[in-house]
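data-v3.cif follows; it contains mmCIF, C-alpha atoms and all ligand atoms; chains and numbers go by the auth columns.
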data_final
#
loop_
_atom_site.group_PDB
_atom_site.id
_atom_site.type_symbol
_atom_site.label_atom_id
_atom_site.label_comp_id
_atom_site.label_asym_id
_atom_site.label_seq_id
_atom_site.Cartn_x
_atom_site.Cartn_y
_atom_site.Cartn_z
_atom_site.B_iso_or_equiv
_atom_site.auth_seq_id
_atom_site.auth_asym_id
ATOM 1 C CA MET A 1 87.079 24.348 -1.073 0.00 1 A
ATOM 2 C CA GLN A 2 83.852 24.279 0.909 0.00 2 A
ATOM 3 C CA SER A 3 81.025 26.382 -0.468 0.00 3 A
ATOM 4 C CA ILE A 4 80.220 29.696 1.185 0.00 4 A
ATOM 5 C CA THR A 5 76.727 30.492 2.419 0.00 5 A
ATOM 6 C CA LEU A 6 75.588 34.016 3.222 0.00 6 A
ATOM 7 C CA ILE A 7 72.780 34.427 5.713 0.00 7 A
ATOM 8 C CA GLY A 8 71.176 37.409 7.432 0.00 8 A
ATOM 9 C CA TYR A 9 68.052 39.521 7.547 0.00 9 A
ATOM 10 C CA MET A 10 66.236 40.840 4.464 0.00 10 A
ATOM 11 C CA CYS A 11 67.992 43.751 2.752 0.00 11 A
ATOM 12 C CA VAL A 12 71.402 43.292 4.386 0.00 12 A
ATOM 13 C CA GLY A 13 72.873 42.797 0.908 0.00 13 A
ATOM 14 C CA LYS A 14 73.202 38.989 0.706 0.00 14 A
ATOM 15 C CA THR A 15 72.560 38.802 -3.036 0.00 15 A
ATOM 16 C CA THR A 16 74.677 41.800 -4.039 0.00 16 A
ATOM 17 C CA ILE A 17 77.589 40.732 -1.845 0.00 17 A
ATOM 18 C CA GLY A 18 77.237 37.073 -2.848 0.00 18 A
ATOM 19 C CA LYS A 19 77.411 37.898 -6.548 0.00 19 A
ATOM 20 C CA ALA A 20 80.486 40.084 -6.089 0.00 20 A
ATOM 21 C CA LEU A 21 82.208 37.507 -3.866 0.00 21 A
ATOM 22 C CA ALA A 22 81.556 34.653 -6.303 0.00 22 A
ATOM 23 C CA LYS A 23 83.015 36.704 -9.145 0.00 23 A
ATOM 24 C CA GLU A 24 86.126 37.588 -7.152 0.00 24 A
ATOM 25 C CA LEU A 25 86.686 33.946 -6.136 0.00 25 A
ATOM 26 C CA GLY A 26 85.761 32.387 -9.497 0.00 26 A
ATOM 27 C CA LEU A 27 82.876 30.455 -7.913 0.00 27 A
ATOM 28 C CA VAL A 28 79.313 30.027 -9.142 0.00 28 A
ATOM 29 C CA PHE A 29 76.676 32.183 -7.463 0.00 29 A
ATOM 30 C CA TYR A 30 73.253 30.908 -6.404 0.00 30 A
ATOM 31 C CA ASP A 31 70.443 32.815 -4.722 0.00 31 A
ATOM 32 C CA LEU A 32 68.026 30.450 -3.020 0.00 32 A
ATOM 33 C CA ASP A 33 64.924 32.571 -3.808 0.00 33 A
ATOM 34 C CA TRP A 34 65.894 32.791 -7.485 0.00 34 A
ATOM 35 C CA TYR A 35 66.572 29.046 -7.560 0.00 35 A
ATOM 36 C CA ILE A 36 63.082 28.359 -6.162 0.00 36 A
ATOM 37 C CA GLU A 37 61.539 30.757 -8.678 0.00 37 A
ATOM 38 C CA GLU A 38 63.292 29.086 -11.607 0.00 38 A
ATOM 39 C CA ARG A 39 62.585 25.554 -10.444 0.00 39 A
ATOM 40 C CA PHE A 40 58.870 26.220 -9.959 0.00 40 A
ATOM 41 C CA HIS A 41 58.390 28.890 -12.646 0.00 41 A
ATOM 42 C CA THR A 42 56.807 31.267 -10.180 0.00 42 A
ATOM 43 C CA LYS A 43 57.609 34.106 -7.801 0.00 43 A
ATOM 44 C CA VAL A 44 58.317 33.749 -4.082 0.00 44 A
ATOM 45 C CA ALA A 45 55.701 36.456 -3.406 0.00 45 A
ATOM 46 C CA LYS A 46 53.159 34.412 -5.381 0.00 46 A
ATOM 47 C CA ILE A 47 53.892 31.240 -3.369 0.00 47 A
ATOM 48 C CA PHE A 48 53.358 33.232 -0.158 0.00 48 A
ATOM 49 C CA ALA A 49 50.123 34.761 -1.448 0.00 49 A
ATOM 50 C CA GLU A 50 48.608 31.645 -2.991 0.00 50 A
ATOM 51 C CA GLU A 51 49.930 28.773 -0.882 0.00 51 A
ATOM 52 C CA GLY A 52 50.980 30.432 2.381 0.00 52 A
ATOM 53 C CA GLU A 53 54.238 30.726 4.293 0.00 53 A
ATOM 54 C CA ALA A 54 54.256 27.121 5.586 0.00 54 A
ATOM 55 C CA ARG A 55 54.254 25.747 2.039 0.00 55 A
ATOM 56 C CA PHE A 56 57.023 28.201 1.088 0.00 56 A
ATOM 57 C CA ARG A 57 59.174 27.076 4.039 0.00 57 A
ATOM 58 C CA ASP A 58 58.753 23.466 3.021 0.00 58 A
ATOM 59 C CA LEU A 59 59.802 24.177 -0.563 0.00 59 A
ATOM 60 C CA GLU A 60 62.627 26.378 0.682 0.00 60 A
ATOM 61 C CA ARG A 61 63.990 23.546 2.838 0.00 61 A
ATOM 62 C CA ARG A 62 63.854 21.053 -0.012 0.00 62 A
ATOM 63 C CA MET A 63 65.503 23.433 -2.453 0.00 63 A
ATOM 64 C CA LEU A 64 68.168 24.326 0.104 0.00 64 A
ATOM 65 C CA HIS A 65 69.200 20.665 0.229 0.00 65 A
ATOM 66 C CA GLU A 66 69.222 20.512 -3.561 0.00 66 A
ATOM 67 C CA VAL A 67 71.440 23.579 -4.047 0.00 67 A
ATOM 68 C CA ALA A 68 73.729 22.849 -1.115 0.00 68 A
ATOM 69 C CA GLU A 69 74.796 19.643 -2.867 0.00 69 A
ATOM 70 C CA PHE A 70 76.542 21.719 -5.546 0.00 70 A
ATOM 71 C CA GLU A 71 80.259 22.237 -5.029 0.00 71 A
ATOM 72 C CA ASN A 72 82.276 25.450 -5.066 0.00 72 A
ATOM 73 C CA ILE A 73 79.385 27.842 -4.911 0.00 73 A
ATOM 74 C CA VAL A 74 78.471 31.023 -3.087 0.00 74 A
ATOM 75 C CA LEU A 75 74.886 30.673 -1.918 0.00 75 A
ATOM 76 C CA SER A 76 72.765 33.483 -0.612 0.00 76 A
ATOM 77 C CA CYS A 77 69.789 32.344 1.422 0.00 77 A
ATOM 78 C CA GLY A 78 66.487 34.055 2.139 0.00 78 A
ATOM 79 C CA GLY A 79 66.311 36.014 5.379 0.00 79 A
ATOM 80 C CA GLY A 80 64.137 33.335 6.982 0.00 80 A
ATOM 81 C CA THR A 81 65.982 30.255 5.710 0.00 81 A
ATOM 82 C CA PRO A 82 68.207 29.720 8.787 0.00 82 A
ATOM 83 C CA CYS A 83 65.252 30.100 11.171 0.00 83 A
ATOM 84 C CA HIS A 84 63.184 27.094 10.092 0.00 84 A
ATOM 85 C CA PHE A 85 63.606 23.341 10.579 0.00 85 A
ATOM 86 C CA ASP A 86 67.232 22.309 11.095 0.00 86 A
ATOM 87 C CA ASN A 87 68.359 24.466 8.157 0.00 87 A
ATOM 88 C CA MET A 88 71.051 26.308 10.090 0.00 88 A
ATOM 89 C CA ASP A 89 72.670 23.137 11.457 0.00 89 A
ATOM 90 C CA TYR A 90 72.523 21.636 7.989 0.00 90 A
ATOM 91 C CA LEU A 91 74.180 24.705 6.440 0.00 91 A
ATOM 92 C CA ASN A 92 76.946 24.577 9.027 0.00 92 A
ATOM 93 C CA THR A 93 77.763 20.981 8.097 0.00 93 A
ATOM 94 C CA VAL A 94 77.920 21.589 4.344 0.00 94 A
ATOM 95 C CA SER A 95 79.364 25.104 4.036 0.00 95 A
ATOM 96 C CA GLN A 96 81.281 28.009 5.503 0.00 96 A
ATOM 97 C CA THR A 97 78.374 30.025 6.864 0.00 97 A
ATOM 98 C CA CYS A 98 78.738 33.807 7.117 0.00 98 A
ATOM 99 C CA TYR A 99 76.190 35.903 8.984 0.00 99 A
ATOM 100 C CA LEU A 100 75.937 39.340 7.403 0.00 100 A
ATOM 101 C CA GLN A 101 75.096 41.394 10.463 0.00 101 A
ATOM 102 C CA ALA A 102 73.345 44.746 10.110 0.00 102 A
ATOM 103 C CA SER A 103 71.510 47.067 12.483 0.00 103 A
ATOM 104 C CA PRO A 104 67.782 47.773 12.007 0.00 104 A
ATOM 105 C CA GLU A 105 68.785 51.277 10.796 0.00 105 A
ATOM 106 C CA THR A 106 70.938 49.833 7.995 0.00 106 A
ATOM 107 C CA ILE A 107 68.232 47.346 7.057 0.00 107 A
ATOM 108 C CA LEU A 108 65.572 50.084 6.884 0.00 108 A
ATOM 109 C CA GLN A 109 67.881 52.282 4.839 0.00 109 A
ATOM 110 C CA HIS A 110 68.586 49.467 2.339 0.00 110 A
ATOM 111 C CA LEU A 111 64.881 48.646 2.237 0.00 111 A
ATOM 112 C CA SER A 112 64.007 52.198 1.247 0.00 112 A
ATOM 113 C CA MET A 113 66.370 51.857 -1.755 0.00 113 A
ATOM 114 C CA SER A 114 65.282 48.344 -2.708 0.00 114 A
ATOM 115 C CA ARG A 115 62.827 47.413 -5.419 0.00 115 A
ATOM 116 C CA GLY A 116 62.542 43.716 -4.508 0.00 116 A
ATOM 117 C CA GLU A 117 59.178 42.287 -3.491 0.00 117 A
ATOM 118 C CA ARG A 118 59.151 41.179 0.145 0.00 118 A
ATOM 119 C CA PRO A 119 55.848 39.641 1.216 0.00 119 A
ATOM 120 C CA LEU A 120 56.644 39.865 4.938 0.00 120 A
ATOM 121 C CA LEU A 121 57.239 43.631 4.751 0.00 121 A
ATOM 122 C CA ARG A 122 54.542 44.607 2.291 0.00 122 A
ATOM 123 C CA GLY A 123 51.881 47.221 3.131 0.00 123 A
ATOM 124 C CA LYS A 124 53.509 48.512 6.316 0.00 124 A
ATOM 125 C CA THR A 125 53.857 52.187 7.252 0.00 125 A
ATOM 126 C CA PRO A 126 57.406 53.408 8.090 0.00 126 A
ATOM 127 C CA ASP A 127 56.626 53.163 11.826 0.00 127 A
ATOM 128 C CA GLU A 128 55.194 49.650 11.504 0.00 128 A
ATOM 129 C CA LEU A 129 58.201 48.628 9.452 0.00 129 A
ATOM 130 C CA ARG A 130 60.645 49.832 12.079 0.00 130 A
ATOM 131 C CA THR A 131 58.793 47.986 14.840 0.00 131 A
ATOM 132 C CA PHE A 132 58.453 44.796 12.785 0.00 132 A
ATOM 133 C CA VAL A 133 62.065 44.705 11.561 0.00 133 A
ATOM 134 C CA THR A 134 63.488 45.409 15.030 0.00 134 A
ATOM 135 C CA ALA A 135 61.360 42.687 16.664 0.00 135 A
ATOM 136 C CA GLN A 136 61.881 40.061 13.965 0.00 136 A
ATOM 137 C CA LEU A 137 65.609 40.683 13.828 0.00 137 A
ATOM 138 C CA ALA A 138 65.802 40.120 17.608 0.00 138 A
ATOM 139 C CA GLU A 139 63.818 36.872 17.240 0.00 139 A
ATOM 140 C CA ARG A 140 66.012 35.624 14.407 0.00 140 A
ATOM 141 C CA ARG A 141 69.363 36.667 15.836 0.00 141 A
ATOM 142 C CA PRO A 142 69.932 33.400 17.806 0.00 142 A
ATOM 143 C CA PHE A 143 69.605 31.434 14.564 0.00 143 A
ATOM 144 C CA TYR A 144 71.872 33.778 12.613 0.00 144 A
ATOM 145 C CA GLU A 145 74.443 33.704 15.393 0.00 145 A
ATOM 146 C CA LYS A 146 74.915 29.975 14.882 0.00 146 A
ATOM 147 C CA ALA A 147 76.851 30.823 11.703 0.00 147 A
ATOM 148 C CA ARG A 148 80.516 29.950 11.736 0.00 148 A
ATOM 149 C CA HIS A 149 81.516 33.532 10.909 0.00 149 A
ATOM 150 C CA THR A 150 79.979 36.968 11.461 0.00 150 A
ATOM 151 C CA ILE A 151 80.655 39.868 9.118 0.00 151 A
ATOM 152 C CA GLY A 152 79.450 43.382 9.991 0.00 152 A
ATOM 153 C CA VAL A 153 77.850 45.115 7.023 0.00 153 A
ATOM 154 C CA ASP A 154 76.798 48.447 8.529 0.00 154 A
ATOM 155 C CA VAL A 155 79.601 50.038 6.456 0.00 155 A
ATOM 156 C CA LEU A 156 77.567 49.288 3.363 0.00 156 A
ATOM 157 C CA ASP A 157 75.762 52.535 2.581 0.00 157 A
ATOM 158 C CA SER A 158 76.532 52.554 -1.136 0.00 158 A
ATOM 159 C CA PHE A 159 77.359 50.069 -3.881 0.00 159 A
ATOM 160 C CA ASP A 160 80.979 51.201 -4.172 0.00 160 A
ATOM 161 C CA LYS A 161 81.641 49.852 -0.666 0.00 161 A
ATOM 162 C CA ILE A 162 80.811 46.236 -1.524 0.00 162 A
ATOM 163 C CA HIS A 163 84.496 45.383 -1.878 0.00 163 A
ATOM 164 C CA LEU A 164 85.010 46.317 1.812 0.00 164 A
ATOM 165 C CA VAL A 165 82.643 43.495 2.759 0.00 165 A
ATOM 166 C CA THR A 166 83.961 40.958 0.247 0.00 166 A
ATOM 167 C CA ASP A 167 87.525 41.732 1.422 0.00 167 A
ATOM 168 C CA GLN A 168 86.453 41.136 5.008 0.00 168 A
ATOM 169 C CA ILE A 169 84.819 37.806 4.109 0.00 169 A
ATOM 170 C CA LYS A 170 87.939 36.648 2.245 0.00 170 A
ATOM 171 C CA GLN A 171 90.134 37.688 5.151 0.00 171 A
ATOM 172 C CA THR A 172 87.899 35.926 7.677 0.00 172 A
ATOM 173 C CA LEU A 173 87.861 32.731 5.609 0.00 173 A
ATOM 174 C CA SER A 174 91.608 32.999 4.867 0.00 174 A
ATOM 175 C CA LEU A 175 90.980 33.067 1.096 0.00 175 A
HETATM 176 C C1 LIG B . 62.123 36.129 3.661 0.00 1 B
HETATM 177 C C2 LIG B . 63.133 36.710 2.933 0.00 1 B
HETATM 178 C C3 LIG B . 63.125 36.763 1.460 0.00 1 B
HETATM 179 C C4 LIG B . 62.302 35.595 0.887 0.00 1 B
HETATM 180 C C5 LIG B . 60.940 35.574 1.498 0.00 1 B
HETATM 181 C C6 LIG B . 60.965 35.445 3.023 0.00 1 B
HETATM 182 C C7 LIG B . 62.215 36.141 5.154 0.00 1 B
HETATM 183 O O1 LIG B . 64.454 36.714 0.968 0.00 1 B
HETATM 184 O O2 LIG B . 62.947 34.372 1.086 0.00 1 B
HETATM 185 O O3 LIG B . 60.296 36.758 1.121 0.00 1 B
HETATM 186 O O4 LIG B . 61.498 35.387 5.810 0.00 1 B
HETATM 187 O O5 LIG B . 63.059 36.922 5.673 0.00 1 B
HETATM 188 P P1 LIG B . 65.489 37.970 1.089 0.00 1 B
HETATM 189 O O6 LIG B . 66.138 37.915 2.440 0.00 1 B
HETATM 190 O O7 LIG B . 66.471 37.697 -0.004 0.00 1 B
HETATM 191 O O8 LIG B . 64.697 39.214 0.886 0.00 1 B
#
What's the structure tokens form of this structure?
Amino acid sequence: MQSITLIGYMCVGKTTIGKALAKELGLVFYDLDWYIEERFHTKVAKIFAEEGEARFRDLERRMLHEVAEFENIVLSCGGGTPCHFDNMDYLNTVSQTCYLQASPETILQHLSMSRGERPLLRGKTPDELRTFVTAQLAERRPFYEKARHTIGVDVLDSFDKIHLVTDQIKQTLSL
């Protein structure tokens, strides 16, 4: 079976859904940000702060190729992974790519409940956040839409609805 890659904007639920999906399918779960953090014994936010985004994107690309070599995995990427270099084309050749599609409203709602550190969103007022997320999502959409499959996740307003999304992914991939 080809590995499954989950892509989409920050806070759509890639990690939570990926973990649940891997468990249901008996596959191994990887989160690209966590993989980078373990490999380099640091935090993604620290790489951004100390070495800049360009350096992070370079590391991210290299680590993506490393992880994508593993078989039978569910991989959740960072929100920006598909939008740099040829990462999206690469992912489409090595995995079943699923775009987890959410509206800006859903993303902002998840963000307000999230405790994760997100360097690109840090220090913004609620109004600035809304403007930034809406604009960046529009910019990134053409990359995300290259995925082989699209799964709507606006239904996800609480943790007990995760199975609705994993069921939809399994149905879409005929698993
Ligand atoms: C980023 C998303 C983050 C992380 C980094 C940059 C982005 O991952 O890779 O902060 O550019 O959207 P999540 O989507 O898991 O938050």
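Comparing A:Met88, A:Leu175, A:Leu164, A:Leu32 by their smallest distance to Ala147 in chain A, the closest is A:Met88 (using only C-alpha atoms).
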Within 9 Å of ligand LIG 1 (chain B) (counting only C-alpha atoms and all ligand atoms), which residues show up? I'd like them as a PyMOL selection string.
chain A and resi 7-15+31-34+44-45+48+53+56-57+60+76-81+83+116-121+136
With the file shown as input, list the residues that the PyMOL selection byres (((chain A and resi 158) around 12) and not hetatm) selects, as number ranges by chain.
A: 12-13, 16-17, 106, 109-110, 113, 153-157, 159-165
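Compared by their closest atoms to Thr150 in chain A, and using all atoms listed in the file, the residues A:Leu173, A:Leu59, A:Val28, A:Cys98 rank with A:Cys98 nearest.
Here the question is which of A:His41, A:Thr5, A:Phe143, A:Pro104 gets nearest to Leu64 in chain A using all atoms listed in the file, and that residue is A:Thr5.
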Pick out the residues sitting within 10 Å of Leu25 in chain A, and hand them over as a PyMOL selection string; count only C-alpha atoms, and ignore anything fewer than 2 positions along from it in its own chain.
chain A and resi 20-23+27-28+72-74+166+170+175
Box time for range 44-48 of chain A: axis-aligned, enclosing all its listed atoms, 6 Å extra on each side; report centre and edge lengths in Å to one decimal, as JSON.
{"center_x": 55.7, "center_y": 33.8, "center_z": -2.8, "size_x": 17.2, "size_y": 17.2, "size_z": 17.2}
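With all atoms listed in the file as the atoms that count, the residue of A:Gln168, A:Thr125, A:Ile47, A:His149 with the shortest distance to Gln96 in chain A is A:His149.
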In Å, with one decimal, what is the gap from CA of Arg148 in chain A to CA of Tyr35 in chain A?
23.8 Å
Residues in the PyMOL selection byres (((chain A and resi 134) around 12) and not hetatm), expressed as JSON, numbers by chain
{"A": [9, 10, 102, 103, 104, 105, 106, 107, 108, 127, 128, 129, 130, 131, 132, 133, 135, 136, 137, 138, 139, 140, 141]}
Taking all atoms listed in the file into account, name the residue in A:Ala49, A:Ile151, A:Val94, A:Ala54 that is nearest to Glu66 in chain A.
A:Val94
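The space separating CA of Arg61 in chain A from CA of Lys43 in chain A comes to 16.3 Å.
Relative to CA of Ile36 in chain A, CA of Pro142 in chain A is found at 25.4 Å.
Of the listed residues A:Arg39, A:His65, A:Ser112, A:Gly123, the one whose atoms come nearest to Leu91 in chain A is A:His65, with distances taken using all atoms listed in the file.
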Got a minute to add all heavy atoms to range 107-118 of chain A and dump it as an mmCIF file, in the frame of the given file?
data_model
loop_
_atom_site.group_PDB
_atom_site.id
_atom_site.type_symbol
_atom_site.label_atom_id
_atom_site.label_comp_id
_atom_site.auth_asym_id
_atom_site.auth_seq_id
_atom_site.Cartn_x
_atom_site.Cartn_y
_atom_site.Cartn_z
ATOM 1 N N ILE A 107 69.223 48.142 7.786
ATOM 2 C CA ILE A 107 68.232 47.346 7.057
ATOM 3 C C ILE A 107 67.127 48.257 6.503
ATOM 4 O O ILE A 107 66.744 48.158 5.331
ATOM 5 C CB ILE A 107 67.644 46.260 7.992
ATOM 6 C CG1 ILE A 107 68.727 45.217 8.294
ATOM 7 C CG2 ILE A 107 66.406 45.610 7.377
ATOM 8 C CD1 ILE A 107 68.411 44.282 9.440
ATOM 9 N N LEU A 108 66.649 49.187 7.328
ATOM 10 C CA LEU A 108 65.572 50.084 6.884
ATOM 11 C C LEU A 108 66.066 51.022 5.780
ATOM 12 O O LEU A 108 65.338 51.332 4.842
ATOM 13 C CB LEU A 108 65.019 50.880 8.073
ATOM 14 C CG LEU A 108 64.231 50.011 9.068
ATOM 15 C CD1 LEU A 108 64.058 50.712 10.406
ATOM 16 C CD2 LEU A 108 62.859 49.618 8.508
ATOM 17 N N GLN A 109 67.319 51.412 5.884
ATOM 18 C CA GLN A 109 67.881 52.282 4.839
ATOM 19 C C GLN A 109 67.984 51.516 3.511
ATOM 20 O O GLN A 109 67.587 52.021 2.460
ATOM 21 C CB GLN A 109 69.257 52.790 5.281
ATOM 22 C CG GLN A 109 69.766 53.932 4.415
ATOM 23 C CD GLN A 109 71.244 53.808 4.105
ATOM 24 O OE1 GLN A 109 71.954 53.000 4.720
ATOM 25 N NE2 GLN A 109 71.705 54.564 3.138
ATOM 26 N N HIS A 110 68.489 50.279 3.564
ATOM 27 C CA HIS A 110 68.586 49.467 2.339
ATOM 28 C C HIS A 110 67.193 49.196 1.775
ATOM 29 O O HIS A 110 66.999 49.207 0.563
ATOM 30 C CB HIS A 110 69.267 48.125 2.631
ATOM 31 C CG HIS A 110 70.734 48.231 2.918
ATOM 32 N ND1 HIS A 110 71.542 47.137 3.121
ATOM 33 C CD2 HIS A 110 71.547 49.305 3.043
ATOM 34 C CE1 HIS A 110 72.777 47.528 3.357
ATOM 35 N NE2 HIS A 110 72.807 48.838 3.323
ATOM 36 N N LEU A 111 66.246 48.954 2.672
ATOM 37 C CA LEU A 111 64.881 48.646 2.237
ATOM 38 C C LEU A 111 64.278 49.817 1.460
ATOM 39 O O LEU A 111 63.604 49.619 0.437
ATOM 40 C CB LEU A 111 64.018 48.318 3.463
ATOM 41 C CG LEU A 111 62.561 47.983 3.208
ATOM 42 C CD1 LEU A 111 62.452 46.707 2.377
ATOM 43 C CD2 LEU A 111 61.822 47.789 4.531
ATOM 44 N N SER A 112 64.584 51.024 1.923
ATOM 45 C CA SER A 112 64.007 52.198 1.247
ATOM 46 C C SER A 112 64.591 52.355 -0.159
ATOM 47 O O SER A 112 63.997 53.001 -1.016
ATOM 48 C CB SER A 112 64.252 53.461 2.083
ATOM 49 O OG SER A 112 65.634 53.748 2.086
ATOM 50 N N MET A 113 65.758 51.739 -0.423
ATOM 51 C CA MET A 113 66.370 51.857 -1.755
ATOM 52 C C MET A 113 66.083 50.635 -2.616
ATOM 53 O O MET A 113 66.468 50.583 -3.779
ATOM 54 C CB MET A 113 67.901 51.979 -1.623
ATOM 55 C CG MET A 113 68.342 53.158 -0.786
ATOM 56 S SD MET A 113 70.147 53.361 -0.729
ATOM 57 C CE MET A 113 70.737 51.765 -0.241
ATOM 58 N N SER A 114 65.423 49.618 -2.011
ATOM 59 C CA SER A 114 65.282 48.344 -2.708
ATOM 60 C C SER A 114 63.980 48.266 -3.498
ATOM 61 O O SER A 114 62.955 48.808 -3.079
ATOM 62 C CB SER A 114 65.335 47.229 -1.668
ATOM 63 O OG SER A 114 64.552 46.151 -2.052
ATOM 64 N N ARG A 115 64.043 47.554 -4.628
ATOM 65 C CA ARG A 115 62.827 47.413 -5.419
ATOM 66 C C ARG A 115 62.270 45.996 -5.332
ATOM 67 O O ARG A 115 61.274 45.681 -5.938
ATOM 68 C CB ARG A 115 63.112 47.775 -6.881
ATOM 69 C CG ARG A 115 63.205 49.286 -7.086
ATOM 70 C CD ARG A 115 63.529 49.621 -8.511
ATOM 71 N NE ARG A 115 64.797 48.997 -8.909
ATOM 72 C CZ ARG A 115 65.064 48.546 -10.118
ATOM 73 N NH1 ARG A 115 64.164 48.620 -11.059
ATOM 74 N NH2 ARG A 115 66.235 48.000 -10.400
ATOM 75 N N GLY A 116 62.972 45.115 -4.600
ATOM 76 C CA GLY A 116 62.542 43.716 -4.508
ATOM 77 C C GLY A 116 61.202 43.576 -3.791
ATOM 78 O O GLY A 116 60.869 44.393 -2.943
ATOM 79 N N GLU A 117 60.466 42.541 -4.156
ATOM 80 C CA GLU A 117 59.178 42.287 -3.491
ATOM 81 C C GLU A 117 59.406 41.446 -2.249
ATOM 82 O O GLU A 117 59.983 40.368 -2.341
ATOM 83 C CB GLU A 117 58.291 41.481 -4.430
ATOM 84 C CG GLU A 117 57.337 42.321 -5.230
ATOM 85 C CD GLU A 117 56.243 41.437 -5.797
ATOM 86 O OE1 GLU A 117 56.488 40.822 -6.849
ATOM 87 O OE2 GLU A 117 55.186 41.350 -5.167
ATOM 88 N N ARG A 118 58.946 41.933 -1.095
ATOM 89 C CA ARG A 118 59.151 41.179 0.145
ATOM 90 C C ARG A 118 57.817 41.019 0.863
ATOM 91 O O ARG A 118 57.364 41.936 1.569
ATOM 92 C CB ARG A 118 60.180 41.883 1.019
ATOM 93 C CG ARG A 118 61.540 41.915 0.330
ATOM 94 C CD ARG A 118 62.673 42.245 1.224
ATOM 95 N NE ARG A 118 63.933 41.841 0.635
ATOM 96 C CZ ARG A 118 64.622 42.554 -0.264
ATOM 97 N NH1 ARG A 118 64.170 43.697 -0.699
ATOM 98 N NH2 ARG A 118 65.765 42.096 -0.735
#
